[in-house]
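Coordinates as given in upload.txt (compact mmCIF, C-alpha atoms):
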# COMPACT_ATOMS: atom_id res chain seq x y z
CA MET A 1 -3.60 -25.02 5.98
CA THR A 2 -2.07 -23.48 9.08
CA GLY A 3 -3.70 -20.15 9.93
CA PRO A 4 -2.12 -16.99 8.53
CA ALA A 5 0.42 -14.82 10.26
CA VAL A 6 0.00 -11.03 10.38
CA VAL A 7 2.88 -8.58 9.91
CA VAL A 8 2.20 -4.96 10.89
CA VAL A 9 4.71 -2.38 9.60
CA THR A 10 4.81 0.85 11.57
CA HIS A 11 6.75 4.05 12.22
CA ASP A 12 5.82 6.49 15.01
CA SER A 13 2.27 5.13 15.00
CA ARG A 14 1.85 3.85 18.55
CA ASP A 15 -1.87 4.51 18.92
CA ASP A 16 -2.60 3.27 15.42
CA VAL A 17 -0.71 0.00 15.82
CA LEU A 18 -2.39 -0.73 19.14
CA GLY A 19 -5.77 -0.16 17.52
CA CYS A 20 -4.80 -2.43 14.64
CA LEU A 21 -3.65 -5.23 16.95
CA ALA A 22 -6.96 -5.12 18.81
CA THR A 23 -8.79 -6.10 15.59
CA ILE A 24 -6.55 -9.00 14.58
CA ASP A 25 -8.28 -12.36 14.94
CA ASP A 26 -7.72 -15.77 13.32
CA ALA A 27 -3.93 -15.19 13.25
CA SER A 28 -1.47 -17.94 14.09
CA GLU A 29 1.32 -15.43 14.68
CA VAL A 30 1.70 -11.63 14.90
CA VAL A 31 4.90 -9.72 14.09
CA VAL A 32 5.16 -5.95 14.49
CA VAL A 33 7.99 -4.41 12.48
CA ASP A 34 8.87 -1.07 14.03
CA CYS A 35 10.85 1.11 11.62
CA GLY A 36 12.73 3.51 13.85
CA SER A 37 9.89 4.85 15.98
CA THR A 38 10.67 7.47 18.62
CA ASP A 39 7.22 7.45 20.27
CA GLY A 40 7.59 4.31 22.40
CA THR A 41 5.80 2.01 19.98
CA PRO A 42 7.89 -1.15 20.68
CA ASP A 43 7.40 -1.01 24.45
CA ALA A 44 3.71 -0.17 24.10
CA VAL A 45 3.15 -3.15 21.80
CA ARG A 46 4.97 -5.54 24.14
CA ALA A 47 2.87 -4.33 27.06
CA ALA A 48 -0.45 -4.45 25.20
CA ASP A 49 -0.33 -7.68 23.18
CA ARG A 50 1.48 -10.79 24.38
CA ARG A 51 0.97 -12.47 20.99
CA ALA A 52 3.09 -9.93 19.15
CA ARG A 53 6.80 -10.26 18.51
CA VAL A 54 8.44 -6.89 17.88
CA LEU A 55 11.19 -6.53 15.29
CA GLU A 56 13.01 -3.20 15.61
CA LEU A 57 14.70 -1.77 12.50
CA ASP A 58 15.94 1.53 11.17
CA ASN A 59 13.43 3.34 8.99
CA ALA A 60 14.44 1.95 5.60
CA GLY A 61 11.01 2.06 3.98
CA PHE A 62 7.86 -0.04 3.92
CA GLY A 63 9.16 -2.70 1.53
CA ARG A 64 12.26 -3.49 3.57
CA GLY A 65 10.22 -3.57 6.75
CA ALA A 66 7.63 -5.89 5.26
CA ASN A 67 10.30 -8.20 3.86
CA ALA A 68 11.95 -8.44 7.27
CA GLY A 69 8.62 -9.16 8.92
CA VAL A 70 7.74 -11.95 6.49
CA ARG A 71 11.19 -13.50 6.97
CA ALA A 72 10.59 -13.45 10.74
CA VAL A 73 7.38 -15.50 10.44
CA ARG A 74 8.09 -19.00 11.70
CA HIS A 75 5.65 -21.40 10.06
CA ALA A 76 2.59 -19.83 8.43
CA PRO A 77 2.32 -20.43 4.65
CA VAL A 78 0.16 -17.28 4.29
CA VAL A 79 1.14 -13.89 5.70
CA VAL A 80 -1.07 -10.80 5.89
CA VAL A 81 1.04 -7.64 5.64
CA CYS A 82 -0.58 -4.38 6.70
CA ASN A 83 -0.07 -0.79 7.76
CA ALA A 84 -0.66 0.29 11.33
CA ASP A 85 -3.63 2.46 10.38
CA VAL A 86 -5.90 -0.37 9.26
CA ARG A 87 -8.63 -2.13 11.23
CA PHE A 88 -9.69 -5.66 10.28
CA GLY A 89 -13.37 -6.42 10.20
CA PRO A 90 -14.61 -9.59 11.94
CA GLY A 91 -13.47 -12.65 10.02
CA ALA A 92 -11.55 -10.64 7.41
CA ILE A 93 -8.27 -12.48 7.96
CA ARG A 94 -9.99 -15.87 7.77
CA ARG A 95 -11.76 -14.92 4.53
CA LEU A 96 -8.50 -13.74 2.97
CA HIS A 97 -6.91 -17.02 3.98
CA GLN A 98 -9.66 -18.99 2.26
CA ALA A 99 -8.72 -17.45 -1.10
CA PHE A 100 -5.53 -19.52 -1.06
CA ALA A 101 -7.46 -22.77 -1.43
CA ALA A 102 -6.83 -22.18 -5.15
CA PRO A 103 -3.20 -23.27 -5.62
CA ASP A 104 -2.33 -20.57 -8.16
CA VAL A 105 -3.36 -17.62 -5.96
CA GLY A 106 -0.28 -15.73 -4.83
CA ALA A 107 -1.96 -12.78 -3.12
CA ALA A 108 -5.41 -11.76 -1.89
CA GLY A 109 -6.70 -8.33 -1.00
CA PRO A 110 -9.72 -7.22 1.06
CA ARG A 111 -12.32 -4.59 0.36
CA VAL A 112 -10.80 -1.46 1.87
CA CYS A 113 -13.05 1.29 3.19
CA TYR A 114 -12.64 4.71 4.72
CA PRO A 115 -13.79 5.03 8.35
CA SER A 116 -16.98 6.51 6.86
CA GLY A 117 -17.71 3.20 5.09
CA GLU A 118 -17.05 4.46 1.56
CA SER A 119 -14.90 2.09 -0.51
CA GLN A 120 -11.32 2.91 -1.47
CA ALA A 121 -9.77 1.80 -4.74
CA SER A 122 -7.73 -1.17 -3.55
CA ALA A 123 -7.79 -3.75 -6.37
CA ARG A 124 -6.57 -2.10 -9.54
CA ARG A 125 -5.18 -2.39 -13.03
CA VAL A 126 -1.55 -1.64 -13.78
CA PRO A 127 -1.22 1.93 -15.07
CA GLY A 128 0.27 2.26 -18.55
CA PRO A 129 2.24 5.34 -19.67
CA ALA A 130 -0.83 7.19 -21.02
CA VAL A 131 -2.74 6.57 -17.79
CA ILE A 132 0.22 7.73 -15.66
CA VAL A 133 0.55 10.97 -17.64
CA GLY A 134 -3.19 11.68 -17.87
CA HIS A 135 -3.82 10.99 -14.19
CA ALA A 136 -0.73 12.94 -13.12
CA LEU A 137 -1.69 16.04 -15.10
CA LEU A 138 -5.48 16.01 -14.64
CA GLY A 139 -6.27 13.92 -11.56
CA ARG A 140 -6.30 16.82 -9.10
CA ALA A 141 -8.19 19.33 -11.22
CA TRP A 142 -10.53 16.88 -13.01
CA PRO A 143 -10.83 13.70 -10.93
CA THR A 144 -13.47 12.14 -13.20
CA ASN A 145 -11.28 12.17 -16.33
CA ARG A 146 -10.88 8.87 -18.21
CA TRP A 147 -7.24 8.37 -17.21
CA THR A 148 -7.90 8.86 -13.49
CA ARG A 149 -10.88 6.49 -13.69
CA ALA A 150 -8.65 3.91 -15.39
CA TYR A 151 -5.92 4.51 -12.79
CA HIS A 152 -8.26 3.75 -9.90
CA GLY A 153 -9.67 0.74 -11.72
CA PRO A 154 -13.09 -0.96 -11.53
CA SER A 155 -15.42 -0.59 -8.59
CA THR A 156 -14.58 -2.65 -5.53
CA SER A 157 -18.28 -3.56 -5.34
CA ASP A 158 -18.06 -5.72 -8.47
CA GLY A 159 -17.56 -8.98 -6.54
CA PRO A 160 -14.61 -11.39 -6.32
CA ARG A 161 -12.23 -11.07 -9.26
CA ASP A 162 -8.62 -11.14 -10.31
CA ALA A 163 -6.65 -7.90 -10.10
CA ASP A 164 -3.39 -6.60 -11.55
CA TRP A 165 -2.27 -5.34 -8.14
CA LEU A 166 -3.61 -5.04 -4.63
CA SER A 167 -3.14 -2.20 -2.18
CA GLY A 168 -0.30 -2.85 0.23
CA CYS A 169 -2.22 -1.24 3.08
CA ALA A 170 -3.49 -4.78 3.77
CA VAL A 171 -2.62 -7.74 1.56
CA ALA A 172 -2.41 -11.48 2.17
CA LEU A 173 0.55 -13.21 0.54
CA ARG A 174 1.35 -16.84 -0.11
CA ARG A 175 4.80 -17.19 1.39
CA ARG A 176 6.02 -19.40 -1.46
CA ALA A 177 4.90 -16.88 -4.08
CA PHE A 178 6.38 -13.95 -2.11
CA ASP A 179 9.71 -15.76 -1.81
CA ASP A 180 9.51 -16.76 -5.48
CA VAL A 181 9.76 -13.08 -6.52
CA ASP A 182 12.10 -12.03 -3.66
CA GLY A 183 9.42 -10.03 -1.87
CA PHE A 184 8.96 -6.29 -2.14
CA ASP A 185 11.57 -4.41 -4.15
CA PRO A 186 13.53 -2.40 -1.53
CA GLY A 187 14.37 0.14 -4.22
CA TYR A 188 10.97 1.72 -3.51
CA PHE A 189 11.16 3.59 -0.22
CA LEU A 190 7.52 4.59 -0.28
CA TYR A 191 4.66 4.15 -2.79
CA ALA A 192 4.29 1.83 -5.81
CA GLU A 193 6.01 -1.11 -4.14
CA ASP A 194 2.67 -2.93 -4.15
CA VAL A 195 2.13 -2.22 -7.85
CA ASP A 196 5.60 -3.58 -8.57
CA LEU A 197 4.99 -6.68 -6.45
CA GLY A 198 1.72 -7.43 -8.23
CA THR A 199 3.39 -7.12 -11.63
CA ARG A 200 6.19 -9.50 -10.67
CA LEU A 201 3.82 -12.02 -9.09
CA ARG A 202 1.70 -12.16 -12.23
CA ALA A 203 4.80 -12.46 -14.41
CA ALA A 204 5.81 -15.47 -12.30
CA GLY A 205 2.42 -17.14 -12.97
CA TRP A 206 0.57 -16.24 -9.76
CA ARG A 207 -2.96 -14.83 -9.59
CA LEU A 208 -4.05 -11.91 -7.41
CA ARG A 209 -7.59 -12.12 -6.00
CA PHE A 210 -9.85 -9.41 -4.69
CA VAL A 211 -11.97 -10.72 -1.77
CA PRO A 212 -14.80 -8.21 -1.18
CA ASP A 213 -16.33 -10.02 1.79
CA ALA A 214 -13.09 -9.47 3.74
CA LEU A 215 -13.46 -5.91 5.05
CA VAL A 216 -10.65 -3.64 6.23
CA THR A 217 -10.98 -0.02 7.31
CA HIS A 218 -8.09 2.25 6.38
CA ALA A 219 -7.54 5.85 7.51
CA VAL A 220 -5.71 7.18 4.44
CA ALA A 221 -2.72 9.44 5.02
CA ALA A 222 -3.96 12.99 5.38
CA ALA A 223 -2.83 16.35 4.04
CA THR A 224 -1.57 17.30 7.51
CA ASP A 225 1.86 15.82 6.80
CA ARG A 226 4.52 18.36 7.71
CA ARG A 227 6.54 17.63 4.57
CA PRO A 228 3.94 17.03 1.86
CA PHE A 229 6.22 18.14 -0.97
CA ARG A 230 8.79 15.54 0.01
CA ARG A 231 6.11 12.84 -0.14
CA LEU A 232 4.91 14.00 -3.54
CA VAL A 233 8.45 13.86 -4.93
CA THR A 234 8.98 10.40 -3.43
CA HIS A 235 5.71 9.21 -4.95
CA ALA A 236 6.66 10.59 -8.38
CA ARG A 237 10.08 8.93 -8.21
CA SER A 238 8.46 5.61 -7.36
CA LEU A 239 6.11 5.82 -10.33
CA ASP A 240 9.03 6.76 -12.57
CA ARG A 241 10.98 3.76 -11.27
CA TYR A 242 8.03 1.47 -11.97
CA HIS A 243 7.67 2.77 -15.52
CA ARG A 244 11.41 2.40 -16.14
CA LEU A 245 11.54 -1.17 -14.82
CA HIS A 246 8.35 -2.56 -16.31
CA HIS A 247 7.70 -0.65 -19.53
CA ARG A 248 10.64 -1.48 -21.78
CA SER A 249 9.19 -1.48 -25.26
CA VAL A 250 10.49 1.00 -27.82
CA ALA A 251 7.30 3.04 -27.46
CA ALA A 252 7.63 3.06 -23.68
CA ARG A 253 11.24 4.20 -23.83
CA LEU A 254 10.30 6.97 -26.23
CA SER A 255 7.46 8.04 -23.95
CA ARG A 256 9.65 8.18 -20.84
CA PRO A 257 10.38 11.94 -21.11
CA LEU A 258 6.63 12.58 -21.40
CA VAL A 259 5.93 10.40 -18.37
CA ARG A 260 8.53 12.30 -16.35
CA LEU A 261 7.11 15.61 -17.53
CA GLY A 262 3.66 14.48 -16.45
CA LEU A 263 4.95 13.47 -13.02
CA VAL A 264 6.75 16.81 -12.60
CA GLY A 265 3.51 18.57 -13.53
CA TRP A 266 1.58 16.46 -11.04
CA VAL A 267 4.01 17.31 -8.22
CA ALA A 268 3.90 21.01 -9.07
CA LEU A 269 0.10 21.14 -9.35
CA SER A 270 -0.39 19.14 -6.16
CA ALA A 271 2.00 21.43 -4.29
CA VAL A 272 0.06 24.49 -5.49
CA VAL A 273 -3.26 22.94 -4.47
CA ARG A 274 -1.89 22.19 -1.01
CA ARG A 275 -0.63 25.77 -0.61
CA VAL A 276 -3.95 27.24 -1.66
CA GLY A 277 -5.78 25.11 0.90
CA PRO A 278 -6.00 21.60 2.34
CA SER A 279 -6.98 19.22 -0.44
CA GLY A 280 -8.26 16.51 1.87
CA ARG A 281 -6.31 14.01 -0.21
CA SER A 282 -3.22 11.94 0.38
CA ALA A 283 -0.25 11.85 -1.98
CA THR A 284 -1.96 8.97 -3.74
CA GLY A 285 -4.98 11.10 -4.59
CA GLU A 286 -7.27 9.32 -2.12
CA ARG A 287 -9.47 11.41 0.14
CA ALA A 288 -7.84 11.49 3.54
CA GLY A 289 -9.92 9.68 6.10
CA GLY A 290 -13.07 9.55 3.99
CA SER A 291 -16.02 11.82 4.72
CA ASP A 292 -16.00 11.57 8.49
CA GLY A 293 -13.23 14.12 8.96
CA ARG A 294 -10.64 11.77 10.38
CA ASP A 295 -7.28 13.01 9.22
CA GLY A 296 -5.35 9.73 9.31
CA ARG A 297 -2.53 11.39 11.29
CA GLU A 298 0.24 11.36 8.70
CA ARG A 299 3.46 11.07 10.62
CA ARG A 300 6.02 13.51 11.77
CA ASP A 301 8.69 14.07 9.17
CA GLY A 302 7.62 12.53 5.87
CA ARG A 303 9.71 9.37 6.46
CA SER A 304 6.92 7.11 7.68
CA ALA A 305 6.98 3.45 6.75
CA ARG A 306 3.28 3.72 5.91
CA HIS A 307 2.39 4.22 2.28
CA GLY A 308 -1.24 5.20 2.21
CA ASN A 309 -2.95 3.24 -0.53
CA GLY A 310 -0.27 2.10 -2.91
CA ALA A 311 0.51 4.08 -6.01

For the file at hand, write its structure as structure tokens.
Amino acid sequence: MTGPAVVVVTHDSRDDVLGCLATIDDASEVVVVDCGSTDGTPDAVRAADRRARVLELDNAGFGRGANAGVRAVRHAPVVVVCNADVRFGPGAIRRLHQAFAAPDVGAAGPRVCYPSGESQASARRVPGPAVIVGHALLGRAWPTNRWTRAYHGPSTSDGPRDADWLSGCAVALRRRAFDDVDGFDPGYFLYAEDVDLGTRLRAAGWRLRFVPDALVTHAVAAATDRRPFRRLVTHARSLDRYHRLHHRSVAARLSRPLVRLGLVGWVALSAVVRRVGPSGRSATGERAGGSDGRDGRERRDGRSARHGNGA
């Protein structure tokens, strides 16, 4: 197979995207999708990396940016889509590419770590209504509860395996499978678009593989965002959209008010925790930047195209 292309989606992340580009190897093509940056990102990318083509868009969300970047890829049958704040380990892109030797694999995800080396939850199960409610209400105050453990899924040290969904911070996609399901749903501005994509890929008959020997470092969005409440509300709306679109049984419809109540409670509790003191966690509940103190530099106004670590 032709080597994979890499699509980097960014917004006001000039230093991050330049750091990401410096770690990209084994790529047949590189496309940087700049979603309305005002920090000089496009010019800096053009000056720093002659491989990269820059696609400049308005900031319409991660999914739209990623879709545009994949469409701009010329030939590669596999495309790695990533955030600007990831760093690829040596050979990670090649190892992700190798997963597509199996013809029914539609997506492959790496082992994602904090800069400290601690693993992030990046290959997960789809959250059902009970898990959404339990995690939303208890995840902040009691992070070891059964619903939060189920939400984050099995350990990423368990070896290669199939997953329900893969974190969109860095995911390799078979172009044919991606096109088969019309890419990311642009109805998600931020968060849960990767959960939704995984669900639709599996419904279309494609497998999602976790590839633990492909290592990516990800500086999770930090609690220094200037509009954290706006991000929390956006995240809750995305989870509500996912539940509405993909849980359509009678029981699921009846549980919808409870799910929404749980999400409202999660937003309220998270906002209180943030006011009391920095939680060190992103809107997804991940620790921001791991244990090394790196804050991940969440961007200016809460409209960043980056989405942390999925749902």

Residues of segment 103-144 of chain A within 9 Å of segment 235-257 of chain A: nearest atom pair and distance (Å, one decimal) for each, counting all atoms listed in the file, sorted by chain and number, as CSV?
residue,atom,partner,partner_atom,distance
A:Pro127,CA,A:His243,CA,8.9
A:Gly128,CA,A:His243,CA,8.0
A:Pro129,CA,A:Ala252,CA,7.1
A:Ala130,CA,A:Ser255,CA,8.8
A:Ile132,CA,A:Leu239,CA,8.2

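Surrounding residues of (-14.9, -9.4, 2.2) at most 10 Å away are A:Gly89, A:Pro90, A:Gly91, A:Ala92, A:Ile93, A:Arg94, A:Arg95, A:Leu96, A:Gly109, A:Pro110, A:Arg111, A:Val112, A:Gly159, A:Pro160, A:Phe210, A:Val211, A:Pro212, A:Asp213, A:Ala214, A:Leu215, A:Val216 (based on all atoms listed in the file).
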
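Closest approach to Asp34 of chain A from the set A:Thr234, A:Asn83, A:Asn145, A:Thr2 is made by A:Asn83, with distances taken over only C-alpha atoms.
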
Across A:Arg14, A:Ser28, A:Glu193, A:Ala68, the smallest distance to Cys169 of chain A, with only C-alpha atoms counted, is shown by A:Glu193

Using only C-alpha atoms, give me every residue within 10 Å of (-7.2, -6.0, 16.9) in file coordinates, as a list in words. Val17, Leu18, Gly19, Cys20, Leu21, Ala22, Thr23, Ile24, Asp25, Asp49, Val86, Arg87, Phe88, Gly89 and Pro90 of chain A

Next, write the just-selected residues to a file, as a compact mmCIF listing (two decimals), in the coordinates of the input, keeping C-alpha atoms as the atom set.
# COMPACT_ATOMS: atom_id res chain seq x y z
CA VAL A 17 -0.71 0.00 15.82
CA LEU A 18 -2.39 -0.73 19.14
CA GLY A 19 -5.77 -0.16 17.52
CA CYS A 20 -4.80 -2.43 14.64
CA LEU A 21 -3.65 -5.23 16.95
CA ALA A 22 -6.96 -5.12 18.81
CA THR A 23 -8.79 -6.10 15.59
CA ILE A 24 -6.55 -9.00 14.58
CA ASP A 25 -8.28 -12.36 14.94
CA ASP A 49 -0.33 -7.68 23.18
CA VAL A 86 -5.90 -0.37 9.26
CA ARG A 87 -8.63 -2.13 11.23
CA PHE A 88 -9.69 -5.66 10.28
CA GLY A 89 -13.37 -6.42 10.20
CA PRO A 90 -14.61 -9.59 11.94

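For the residues A:Gly265, A:Pro42, A:Pro103, A:Gly168, ranking by smallest atom-to-atom distance to Leu137 of chain A using all atoms listed in the file places A:Gly265 first.
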
Sort by chain and increasing residue number a table of all residues of segment 51-133 of chain A within 6 Å of segment 146-153 of chain A, each with its closest pair of atoms and their distance in Å to one decimal, counting all atoms listed in the file, and write it as a tab-separated table.
residue	atom	partner	partner_atom	distance
A:Ala121	CA	A:His152	CA	5.7
A:Arg124	CA	A:Gly153	CA	4.7
A:Arg125	CA	A:Gly153	CA	5.6
A:Pro127	CA	A:Tyr151	CA	5.8
A:Val131	CA	A:Trp147	CA	4.9

Considering only C-alpha atoms, can you say which of A:Leu173, A:Ala219, A:Val273, A:Ala136 comes closest to Asp16 of chain A? A:Ala219

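Between atom CA of Val8 of chain A and atom CA of Ser37 of chain A the separation is 13.5 Å.
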
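For the pair atom CA of Asp196 of chain A and atom CA of His75 of chain A, the interatomic distance is 25.8 Å.
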
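In this structure, atom CA of Ala72 of chain A sits 16.8 Å away from atom CA of Pro186 of chain A.
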
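Among the candidates A:Val54, A:Val7, A:Val70, A:Val233, the one nearest to Arg175 of chain A when counting all atoms listed in the file is A:Val70.
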
Need to verify the contact set: Pro4 of chain A, 6 Å, all atoms listed in the file, exclusion of same-chain residues closer than 5 positions in sequence. Can you return it as a list in words? Ala27, Ser28, Ala76, Val78 and Val79 of chain A

Which is closest to Arg202 of chain A among A:Ala141, A:Val264, A:Leu269, A:Ala107, if we use all atoms listed in the file? A:Ala107
